[in-house]
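See below for my_file.txt, which holds compact mmCIF, C-alpha atoms and all ligand atoms.
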```txt
# COMPACT_ATOMS: atom_id res chain seq x y z
CA GLU H 145 14.46 -27.15 12.45
CA THR H 146 11.25 -25.27 13.35
CA ALA H 147 10.00 -23.51 16.48
CA GLN H 148 6.69 -22.25 17.82
CA VAL H 149 6.17 -19.84 20.71
CA THR H 150 3.14 -18.13 22.19
CA ALA H 151 2.35 -14.43 21.72
CA SER H 152 0.33 -13.22 24.71
CA PRO H 153 -1.56 -9.92 24.41
CA GLU H 154 -1.24 -7.08 26.91
CA GLN H 155 -4.20 -4.84 27.75
CA ASN H 156 -6.04 -3.58 24.63
CA ASP H 157 -3.86 -5.94 22.60
CA SER H 158 -1.38 -3.03 22.76
CA GLU H 159 1.56 -5.44 22.48
CA TYR H 160 2.27 -9.17 22.41
CA LEU H 161 4.81 -10.84 24.68
CA SER H 162 6.69 -14.11 24.13
CA PRO H 163 8.91 -16.32 26.32
CA VAL H 164 12.65 -16.35 25.55
CA THR H 165 15.50 -18.10 27.42
CA ILE H 166 18.84 -16.28 27.54
CA GLY H 167 21.80 -17.99 29.23
CA GLY H 168 19.35 -20.20 31.10
CA GLN H 169 17.26 -17.23 32.32
CA ALA H 170 13.60 -16.94 31.25
CA LEU H 171 12.37 -13.51 30.15
CA THR H 172 9.26 -12.22 28.35
CA LEU H 173 10.03 -10.10 25.29
CA ASP H 174 8.05 -8.05 22.78
CA PHE H 175 8.82 -9.48 19.30
CA ASP H 176 9.12 -6.45 17.05
CA THR H 177 9.36 -6.77 13.25
CA GLY H 178 9.85 -2.98 13.11
CA SER H 179 13.23 -2.88 14.87
CA ALA H 180 16.42 -4.97 14.97
CA ASP H 181 17.82 -4.85 18.51
CA LEU H 182 17.44 -7.62 21.08
CA TRP H 183 17.65 -5.84 24.40
CA VAL H 184 16.69 -6.85 27.94
CA PHE H 185 16.20 -5.33 31.34
CA SER H 186 19.43 -6.06 33.19
CA ASN H 187 20.60 -6.13 36.78
CA SER H 188 22.71 -3.03 36.04
CA LEU H 189 19.52 -0.92 35.98
CA PRO H 190 18.65 1.08 39.09
CA SER H 191 16.13 -0.99 41.08
CA SER H 192 13.63 1.85 40.69
CA ASP H 193 13.65 1.13 36.93
CA SER H 194 13.66 -2.66 37.05
CA ALA H 195 11.05 -3.12 39.83
CA GLY H 196 8.38 -5.54 38.57
CA HIS H 197 10.45 -6.70 35.60
CA VAL H 198 12.50 -9.87 35.21
CA THR H 199 16.10 -8.74 34.77
CA PHE H 200 18.91 -10.61 33.00
CA ASP H 201 22.01 -11.10 35.15
CA PRO H 202 25.05 -11.88 32.97
CA SER H 203 27.07 -12.99 36.00
CA LYS H 204 24.58 -15.85 36.50
CA SER H 205 24.82 -17.07 32.89
CA PRO H 206 27.49 -19.74 32.28
CA THR H 207 27.60 -18.90 28.57
CA PHE H 208 27.63 -15.07 28.61
CA THR H 209 30.65 -13.37 27.05
CA PRO H 210 30.97 -9.54 27.14
CA TYR H 211 31.44 -7.58 23.91
CA SER H 212 33.79 -5.16 25.61
CA GLY H 213 33.58 -1.55 24.55
CA ALA H 214 30.41 -2.07 22.54
CA THR H 215 27.35 0.09 23.24
CA TRP H 216 23.84 0.50 21.86
CA GLN H 217 21.28 3.26 21.94
CA ILE H 218 17.84 3.17 20.42
CA ALA H 219 15.10 5.76 20.01
CA TYR H 220 11.65 4.52 18.97
CA GLY H 221 9.07 6.47 17.01
CA ASP H 222 6.75 6.71 20.00
CA GLY H 223 9.44 8.58 21.91
CA SER H 224 10.66 5.64 23.98
CA SER H 225 14.41 5.06 24.25
CA ALA H 226 16.98 2.72 25.78
CA THR H 227 20.78 2.41 25.93
CA GLY H 228 23.37 0.07 27.41
CA SER H 229 26.19 -2.45 26.96
CA VAL H 230 26.46 -5.62 24.88
CA GLY H 231 27.40 -9.27 25.22
CA PHE H 232 26.83 -12.60 23.51
CA ASP H 233 24.85 -15.48 24.93
CA SER H 234 22.78 -18.50 24.07
CA VAL H 235 19.22 -17.48 23.13
CA THR H 236 16.47 -20.10 22.85
CA ILE H 237 12.98 -19.55 21.43
CA GLY H 238 10.57 -22.48 21.21
CA GLY H 239 13.41 -24.99 21.50
CA VAL H 240 15.53 -23.40 18.76
CA THR H 241 18.87 -21.94 19.93
CA VAL H 242 21.33 -19.36 18.64
CA ALA H 243 24.51 -20.07 20.63
CA HIS H 244 26.18 -16.70 19.99
CA GLN H 245 23.41 -14.08 19.85
CA ALA H 246 24.18 -10.42 20.53
CA VAL H 247 22.24 -9.50 23.68
CA GLU H 248 21.93 -5.84 24.57
CA LEU H 249 21.77 -5.06 28.29
CA ALA H 250 19.78 -1.95 29.21
CA ASP H 251 21.39 0.25 31.80
CA ASN H 252 19.17 3.24 31.01
CA LEU H 253 15.67 3.41 29.57
CA SER H 254 12.68 5.71 29.21
CA GLY H 255 9.66 5.77 31.51
CA ALA H 256 7.27 3.92 29.22
CA PHE H 257 9.47 0.80 29.43
CA VAL H 258 9.78 1.12 33.21
CA GLN H 259 5.99 1.33 33.60
CA ASP H 260 5.25 -1.63 31.34
CA THR H 261 6.15 -4.26 33.93
CA GLN H 262 5.00 -7.24 31.80
CA ASN H 263 7.74 -6.47 29.29
CA ASP H 264 11.36 -7.49 29.96
CA GLY H 265 12.67 -6.09 26.68
CA LEU H 266 12.31 -6.22 22.91
CA LEU H 267 13.42 -8.80 20.33
CA GLY H 268 13.91 -7.17 16.94
CA LEU H 269 12.81 -9.15 13.87
CA GLY H 270 13.61 -6.39 11.38
CA PHE H 271 16.86 -6.26 9.36
CA SER H 272 20.22 -5.71 11.04
CA THR H 273 21.01 -2.69 8.86
CA ILE H 274 19.14 -0.80 11.61
CA ASN H 275 20.72 -2.60 14.57
CA THR H 276 22.15 0.13 16.84
CA ILE H 277 25.20 -1.69 18.30
CA GLN H 278 28.45 0.22 17.90
CA PRO H 279 31.29 -0.16 16.82
CA GLN H 280 29.88 -3.05 14.79
CA ARG H 281 26.13 -3.77 14.36
CA GLN H 282 25.02 -7.35 15.01
CA LYS H 283 22.55 -9.76 13.45
CA THR H 284 19.04 -10.44 14.71
CA PHE H 285 17.91 -13.78 16.14
CA PHE H 286 16.08 -14.55 12.89
CA GLU H 287 19.08 -13.69 10.69
CA ASN H 288 21.27 -15.94 12.85
CA ILE H 289 18.86 -18.89 12.90
CA MET H 290 17.64 -18.61 9.27
CA PRO H 291 20.28 -20.89 7.68
CA SER H 292 19.33 -23.76 9.99
CA LEU H 293 15.55 -23.36 9.64
CA ALA H 294 13.66 -25.82 7.44
CA LEU H 295 12.26 -22.75 5.62
CA PRO H 296 13.85 -19.24 5.88
CA VAL H 297 10.62 -17.75 7.23
CA PHE H 298 8.73 -16.83 10.36
CA THR H 299 4.99 -16.28 10.73
CA ALA H 300 2.91 -14.19 13.13
CA ASN H 301 -0.55 -15.34 14.10
CA LEU H 302 -1.57 -12.69 16.63
CA GLN H 303 -5.07 -12.87 18.12
CA ALA H 304 -7.58 -10.35 19.44
CA ASP H 305 -7.58 -10.70 23.25
CA ALA H 306 -6.19 -14.23 23.07
CA SER H 307 -2.87 -16.02 22.94
CA GLY H 308 -1.37 -16.28 19.45
CA THR H 309 1.69 -17.88 17.89
CA TYR H 310 5.01 -17.00 16.31
CA THR H 311 6.40 -19.86 14.20
CA PHE H 312 9.98 -20.01 12.92
CA GLY H 313 10.99 -22.23 9.99
CA ALA H 314 7.58 -23.35 8.77
CA ILE H 315 4.32 -22.05 7.29
CA ASP H 316 1.82 -24.06 9.35
CA THR H 317 -1.13 -24.87 7.08
CA ALA H 318 -3.31 -25.40 10.16
CA GLN H 319 -3.06 -21.68 10.98
CA TYR H 320 -4.51 -20.18 7.77
CA SER H 321 -7.06 -20.86 5.03
CA GLY H 322 -7.08 -19.89 1.35
CA PRO H 323 -4.17 -18.32 -0.51
CA ILE H 324 -1.30 -16.36 1.02
CA HIS H 325 -1.20 -13.00 -0.78
CA TYR H 326 2.49 -12.07 -1.09
CA THR H 327 4.16 -8.80 -2.01
CA PRO H 328 7.89 -8.22 -2.49
CA ILE H 329 9.57 -6.29 0.31
CA ASP H 330 12.34 -3.68 0.15
CA SER H 331 14.52 -4.24 3.24
CA SER H 332 16.96 -1.38 2.50
CA ALA H 333 15.47 0.78 5.29
CA GLY H 334 15.67 -2.17 7.68
CA PHE H 335 11.92 -2.88 7.65
CA TRP H 336 9.55 -5.42 6.08
CA GLN H 337 8.51 -2.64 3.71
CA PHE H 338 6.19 -2.77 0.70
CA THR H 339 4.04 -0.45 -1.43
CA SER H 340 0.43 0.30 -0.47
CA PRO H 341 -0.94 2.04 -3.56
CA SER H 342 -4.61 2.19 -2.56
CA TYR H 343 -7.03 2.13 0.35
CA THR H 344 -10.74 1.37 0.82
CA ILE H 345 -13.25 3.07 3.10
CA GLY H 346 -16.41 1.08 3.87
CA SER H 347 -16.70 -2.70 3.74
CA ASN H 348 -18.25 -2.40 0.27
CA GLY H 349 -16.30 0.72 -0.71
CA ALA H 350 -14.35 1.14 -3.91
CA SER H 351 -10.59 1.10 -3.61
CA VAL H 352 -9.12 4.58 -3.91
CA PRO H 353 -5.81 4.74 -5.80
CA CYS H 354 -3.23 6.61 -3.78
CA THR H 355 -0.20 7.35 -5.91
CA THR H 356 1.25 9.66 -3.24
CA CYS H 357 0.79 7.19 -0.36
CA SER H 358 3.90 6.39 1.65
CA PRO H 359 5.24 2.83 1.59
CA ALA H 360 4.06 0.62 4.46
CA ILE H 361 5.86 -1.60 6.96
CA ALA H 362 4.52 -4.69 8.72
CA ASP H 363 5.24 -3.92 12.37
CA THR H 364 4.28 -6.37 15.14
CA GLY H 365 5.84 -3.97 17.68
CA THR H 366 3.35 -1.17 17.00
CA SER H 367 -0.14 -1.36 18.51
CA LEU H 368 -2.02 0.72 15.97
CA VAL H 369 -2.20 1.34 12.22
CA LEU H 370 -0.45 4.65 11.51
CA LEU H 371 -1.44 6.16 8.14
CA ASP H 372 -0.62 9.18 6.00
CA ASP H 373 -2.69 12.17 7.15
CA ASP H 374 -4.81 12.41 3.99
CA VAL H 375 -5.82 8.75 4.32
CA VAL H 376 -6.68 8.88 8.02
CA SER H 377 -8.55 12.18 7.54
CA ALA H 378 -10.57 10.66 4.68
CA TYR H 379 -11.53 7.77 6.96
CA TYR H 380 -12.67 9.83 9.94
CA ALA H 381 -14.57 12.21 7.64
CA GLN H 382 -16.99 9.26 7.40
CA VAL H 383 -17.40 9.01 11.20
CA ASN H 384 -20.02 11.31 12.76
CA GLY H 385 -18.54 13.46 15.52
CA ALA H 386 -14.94 12.36 14.92
CA SER H 387 -12.19 14.88 15.63
CA GLN H 388 -8.45 15.06 16.15
CA ASP H 389 -7.92 15.69 19.85
CA GLN H 390 -4.32 16.63 20.62
CA SER H 391 -4.84 16.07 24.35
CA GLN H 392 -5.96 12.49 23.63
CA GLY H 393 -3.15 12.09 21.11
CA GLY H 394 -5.15 11.49 17.97
CA TRP H 395 -8.51 10.82 16.34
CA VAL H 396 -11.41 10.30 18.75
CA PHE H 397 -15.14 9.85 18.18
CA PRO H 398 -18.34 9.22 20.12
CA CYS H 399 -18.44 5.55 21.14
CA SER H 400 -22.00 5.50 19.72
CA ALA H 401 -20.70 6.34 16.21
CA SER H 402 -20.87 3.58 13.61
CA LEU H 403 -17.43 2.98 12.11
CA PRO H 404 -17.02 2.09 8.43
CA GLY H 405 -14.74 -0.77 7.47
CA PHE H 406 -11.27 0.05 6.15
CA GLY H 407 -8.85 -1.71 3.83
CA VAL H 408 -5.23 -1.20 2.81
CA ALA H 409 -3.46 -2.51 -0.25
CA ILE H 410 -0.71 -5.03 0.46
CA GLY H 411 1.36 -4.39 -2.63
CA SER H 412 -0.64 -4.07 -5.82
CA GLY H 413 -2.56 -7.35 -5.73
CA TYR H 414 -4.46 -7.56 -2.46
CA THR H 415 -6.49 -5.39 -0.07
CA ALA H 416 -6.55 -6.39 3.60
CA MET H 417 -9.93 -5.37 5.03
CA LEU H 418 -10.88 -4.51 8.61
CA THR H 419 -14.46 -4.21 9.90
CA GLY H 420 -15.61 -1.11 11.77
CA GLN H 421 -15.40 -3.12 14.97
CA ASP H 422 -11.75 -4.01 14.18
CA VAL H 423 -11.00 -0.27 13.89
CA MET H 424 -12.46 0.50 17.33
CA TYR H 425 -9.46 0.55 19.71
CA GLU H 426 -10.35 1.70 23.20
CA SER H 427 -12.88 3.65 25.23
CA LEU H 428 -11.35 6.69 26.95
CA GLY H 429 -14.36 7.16 29.23
CA GLY H 430 -17.11 9.76 29.05
CA GLY H 431 -18.47 8.19 25.86
CA VAL H 432 -15.30 9.11 23.95
CA CYS H 433 -13.56 6.36 21.96
CA TYR H 434 -10.06 6.23 20.41
CA GLY H 435 -9.54 4.72 16.96
CA GLY H 436 -7.09 2.04 15.92
CA LEU H 437 -6.31 4.06 12.76
CA GLN H 438 -4.16 7.09 13.57
CA SER H 439 -1.80 9.50 11.82
CA ASN H 440 1.83 8.57 11.16
CA ALA H 441 2.66 12.25 11.90
CA GLY H 442 4.06 12.68 8.39
CA GLN H 443 6.85 10.13 8.99
CA GLY H 444 6.89 9.11 5.32
CA VAL H 445 6.07 5.50 6.15
CA GLN H 446 2.74 3.90 7.00
CA ILE H 447 2.92 1.49 9.93
CA PHE H 448 0.67 -1.56 9.77
CA GLY H 449 0.68 -2.69 13.39
CA ASP H 450 -1.29 -5.08 15.57
CA VAL H 451 -4.72 -3.51 14.85
CA LEU H 452 -4.34 -4.95 11.32
CA LEU H 453 -2.02 -7.91 11.82
CA ARG H 454 -4.12 -9.64 14.48
CA HIS H 455 -6.89 -10.21 11.94
CA TYR H 456 -4.61 -12.09 9.55
CA PHE H 457 -1.98 -14.81 9.34
CA ALA H 458 1.27 -12.98 8.43
CA VAL H 459 4.27 -14.54 6.66
CA PHE H 460 7.70 -12.91 6.84
CA ASP H 461 9.78 -14.65 4.14
CA GLY H 462 13.48 -13.90 4.67
CA GLY H 463 14.52 -16.19 1.83
CA ALA H 464 12.36 -14.74 -0.94
CA LYS H 465 12.27 -11.23 0.66
CA ARG H 466 8.49 -11.06 0.60
CA PHE H 467 5.61 -10.45 3.01
CA GLY H 468 2.26 -12.22 2.81
CA LEU H 469 -1.16 -12.19 4.46
CA ALA H 470 -3.75 -14.95 4.55
CA LYS H 471 -7.12 -15.38 6.21
CA LYS H 472 -6.84 -17.15 9.55
CA ALA H 473 -7.94 -20.80 9.72
C1 LIG H 501 6.83 1.93 19.05
C2 LIG H 501 7.37 0.56 18.78
C3 LIG H 501 8.59 0.20 19.68
C4 LIG H 501 8.09 0.15 21.12
C5 LIG H 501 7.41 -0.99 21.56
C6 LIG H 501 6.94 -1.06 22.88
C7 LIG H 501 7.13 0.01 23.74
C8 LIG H 501 6.59 -0.06 25.15
C9 LIG H 501 6.93 -1.39 25.81
C10 LIG H 501 7.11 1.06 26.02
C11 LIG H 501 5.06 0.08 25.08
C12 LIG H 501 7.80 1.15 23.29
C13 LIG H 501 8.27 1.23 21.97
C14 LIG H 501 7.66 0.40 17.28
N1 LIG H 501 8.33 -0.87 17.03
N2 LIG H 501 8.62 -1.14 15.69
C15 LIG H 501 8.47 1.52 16.71
N3 LIG H 501 9.78 1.72 16.90
N4 LIG H 501 10.09 2.82 16.18
N5 LIG H 501 9.01 3.27 15.53
N6 LIG H 501 8.00 2.46 15.84
C16 LIG H 501 6.67 2.60 15.25
C17 LIG H 501 5.98 3.84 15.75
C18 LIG H 501 5.08 3.71 16.80
C19 LIG H 501 4.41 4.83 17.30
C20 LIG H 501 4.64 6.07 16.73
C21 LIG H 501 5.53 6.18 15.70
C22 LIG H 501 6.23 5.07 15.19
O1 LIG H 501 5.56 7.47 15.31
C23 LIG H 501 4.63 8.21 16.10
O2 LIG H 501 4.09 7.27 17.03
```
Before anything else, please render the file you have as structure tokens.
Ligand SMILES: C[C@H](Cc1ccc(C(C)(C)C)cc1)[C@H](NN)c1nnnn1Cc1ccc2c(c1)OCO2
Amino acid sequence: ETAQVTASPEQNDSEYLSPVTIGGQALTLDFDTGSADLWVFSNSLPSSDSAGHVTFDPSKSPTFTPYSGATWQIAYGDGSSATGSVGFDSVTIGGVTVAHQAVELADNLSGAFVQDTQNDGLLGLGFSTINTIQPQRQKTFFENIMPSLALPVFTANLQADASGTYTFGAIDTAQYSGPIHYTPIDSSAGFWQFTSPSYTIGSNGASVPCTTCSPAIADTGTSLVLLDDDVVSAYYAQVNGASQDQSQGGWVFPCSASLPGFGVAIGSGYTAMLTGQDVMYESLGGGVCYGGLQSNAGQGVQIFGDVLLRHYFAVFDGGAKRFGLAKKA
């Protein structure tokens, strides 16, 4: 079987939200290849936290079964967090159903989730080695559905300021043109992780080998591209008036500055390029602009988020354990 579902951008393309049906209830979740928990706002949250969100009510689902005694707690790299209880229910995405999917019910979560009222939870598409359910971690939707998919893959075709598509079980030739440039992934840390041994500054720049560069992950759940400090510093050294502004939380520059293009190696065979315009992320007002390339704060992994992914067709191949990018159609 195969499934397709829309990916609708939030302001600044900061995240992409997709419709999911759980136990007959429709919610809008953030599909996140950089985590492995499927959690939802639930009716056990205080109403001050769930106001504006769709909440999942297990008592109204005919197919919900509690996983008694199980708990989950997750802390994300941006400082967000959530915890709660666990059950199993039928989860349907684009007409494809997992009958017995672990569903994590939030009964406590951090402010950023409360404020983001378009988002009713996250659906992890990483590897279940990093699922946080205790006493026994549980599989992701993709891991559960993979054996019944026509192809053990899903693809992400995110768009800039427009509705995109996640496809499960097929590589839709209508969505890309030219070759798909694959690189093997190492899933041992739970991510779609690969090497990124060089980078390029300037649309006609030479690629700079970077033997000390951290490995990279393809992360649909992160808005920006988070790079090792020496790489991001080398980029903004080419931008007149750029500076790291702690109060703004990263690299800023005059909106009038011209931004060079930037490229990152996807494994050792391909460099994915962005134009200067692609790197521009948002205007903070007062003529100050915030870049889509920021520091990974020395986390030891580079995070290739939506600022990169929305300019490409991305293939997550669970069968062959590889990640690929192609030019959009
Ligand atoms: C941040 C998202 C997870 C998330 C998504 C959405 C939201 C809101 C709805 C409230 C907007 C919060 C959280 C990311 N997902 N793989 C993630 N989960 N764990 N690490 N990352 C990547 C990282 C993102 C931002 C960093 C970072 C590391 O280190 C420093 O700043």
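If only C-alpha atoms are the atoms counted, then among H:Gly394, H:Gly463, H:Gly196, H:Pro206 the closest residue to H:Asp373 is H:Gly394.
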inquiry  = Using all atoms listed in the file, list the residues that have an atom at most 10 Å from (19.1, -18.5, 28.1), coordinates as in the file, as an MDAnalysis selection string.
reply    = chainID H and resid 164:171 200 205:208 233:237 241:243
ask   = Pick the closest to H:Ala333 from H:Gln382, H:Asn187, H:Asn275, H:Thr150: which is it, counting all atoms listed in the file?
value = H:Asn275
Let me have the centre and edge lengths in Å, one decimal, of the box along x, y and z around every listed atom of ligand LIG 501 (chain H) with 3 Å of margin on each side, as lines of an AutoDock Vina configuration file.
```
center_x = 7.1
center_y = 3.4
center_z = 20.6
size_x = 12.0
size_y = 15.6
size_z = 16.8
```
ask   = Nearest to H:Met424: which of H:Gly308, H:Gln438, H:Pro353, H:Leu302 is it, counting all atoms listed in the file?
value = H:Gln438
So that each row is one residue of chain H with an atom at most 6 Å from ligand LIG 501 (chain H), can you give its shortest atom pair and the distance in Å to one decimal, using all atoms listed in the file, rows by chain and rising number, as a Markdown table?
```
| residue | atom | partner | partner_atom | distance |
| --- | --- | --- | --- | --- |
| H:Asp176 | CA | H:LIG501 | N2 | 5.5 |
| H:Gly178 | CA | H:LIG501 | N2 | 3.4 |
| H:Ser179 | CA | H:LIG501 | N2 | 5.0 |
| H:Tyr220 | CA | H:LIG501 | N4 | 3.6 |
| H:Gly221 | CA | H:LIG501 | N5 | 3.5 |
| H:Asp222 | CA | H:LIG501 | C20 | 3.9 |
| H:Ser224 | CA | H:LIG501 | C12 | 5.4 |
| H:Ala256 | CA | H:LIG501 | C10 | 4.3 |
| H:Phe257 | CA | H:LIG501 | C10 | 4.2 |
| H:Asp260 | CA | H:LIG501 | C9 | 5.8 |
| H:Asp363 | CA | H:LIG501 | N2 | 5.5 |
| H:Gly365 | CA | H:LIG501 | N1 | 4.0 |
| H:Thr366 | CA | H:LIG501 | C14 | 4.6 |
| H:Asn440 | CA | H:LIG501 | O1 | 5.7 |
```
ask   = When distances are computed from only C-alpha atoms, which of H:Ser347, H:Thr327, H:Thr299, H:Gln280 shows the smallest separation from H:Arg454?
value = H:Thr299
task = For H:Pro291, work out the shell of residues within 10 Å, counting only C-alpha atoms and skipping chain neighbours fewer than 5 positions away, then give it as a VMD selection string.
result = chain H and resid 145 286 296 313 463
task = Calculate how many Å separate atom CA of H:Gly411 from atom CA of H:Ala473, rounding to one decimal.
result = 22.5 Å
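One distance worth recording is that between atom CA of H:Ser332 and atom CA of H:Val375, which is 25.0 Å.
You will find atom CA of H:Ala409 at 23.5 Å from atom CA of H:Glu159.
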Show me that you can extract stretch 341-356 of chain H, keeping N, CA, C and O atoms, and write it as a compact mmCIF listing (two decimals), in the first residue's frame.
```
# COMPACT_ATOMS: atom_id res chain seq x y z
N PRO H 341 31.20 15.79 4.74
CA PRO H 341 32.64 16.05 4.82
C PRO H 341 33.13 17.32 4.12
O PRO H 341 34.33 17.55 4.03
N SER H 342 32.17 18.13 3.62
CA SER H 342 32.61 19.42 3.05
C SER H 342 31.44 20.39 2.99
O SER H 342 30.28 19.99 3.13
N TYR H 343 31.78 21.67 2.78
CA TYR H 343 30.74 22.68 2.61
C TYR H 343 31.21 23.68 1.57
O TYR H 343 32.40 23.70 1.20
N THR H 344 30.29 24.49 1.04
CA THR H 344 30.61 25.44 -0.02
C THR H 344 29.99 26.79 0.32
O THR H 344 28.81 26.85 0.68
N ILE H 345 30.82 27.84 0.24
CA ILE H 345 30.27 29.18 0.48
C ILE H 345 30.31 29.95 -0.84
O ILE H 345 31.37 30.01 -1.49
N GLY H 346 29.15 30.47 -1.26
CA GLY H 346 29.08 31.17 -2.55
C GLY H 346 28.56 30.20 -3.62
O GLY H 346 28.99 29.03 -3.67
N SER H 347 27.64 30.68 -4.44
CA SER H 347 27.01 29.77 -5.41
C SER H 347 28.03 29.24 -6.41
O SER H 347 27.81 28.21 -7.03
N ASN H 348 29.16 29.93 -6.58
CA ASN H 348 30.20 29.38 -7.45
C ASN H 348 31.45 29.04 -6.65
O ASN H 348 32.54 28.91 -7.21
N GLY H 349 31.29 28.92 -5.33
CA GLY H 349 32.45 28.69 -4.46
C GLY H 349 33.01 27.30 -4.63
O GLY H 349 32.33 26.40 -5.15
N ALA H 350 34.25 27.15 -4.19
CA ALA H 350 34.86 25.81 -4.17
C ALA H 350 34.41 25.09 -2.90
O ALA H 350 34.14 25.73 -1.89
N SER H 351 34.31 23.77 -2.98
CA SER H 351 33.90 23.05 -1.78
C SER H 351 35.12 22.94 -0.86
O SER H 351 36.24 22.72 -1.31
N VAL H 352 34.86 23.21 0.40
CA VAL H 352 35.91 23.21 1.43
C VAL H 352 35.86 21.88 2.17
O VAL H 352 34.84 21.57 2.79
N PRO H 353 36.93 21.07 2.11
CA PRO H 353 36.89 19.81 2.86
C PRO H 353 36.81 20.14 4.35
O PRO H 353 37.38 21.13 4.81
N CYS H 354 36.07 19.33 5.07
CA CYS H 354 35.92 19.59 6.50
C CYS H 354 36.03 18.25 7.23
O CYS H 354 35.03 17.60 7.50
N THR H 355 37.27 17.86 7.48
CA THR H 355 37.46 16.53 8.07
C THR H 355 36.97 16.50 9.53
O THR H 355 36.65 15.44 10.03
N THR H 356 36.87 17.69 10.15
CA THR H 356 36.45 17.68 11.57
C THR H 356 34.95 17.96 11.70
O THR H 356 34.44 18.07 12.81
```
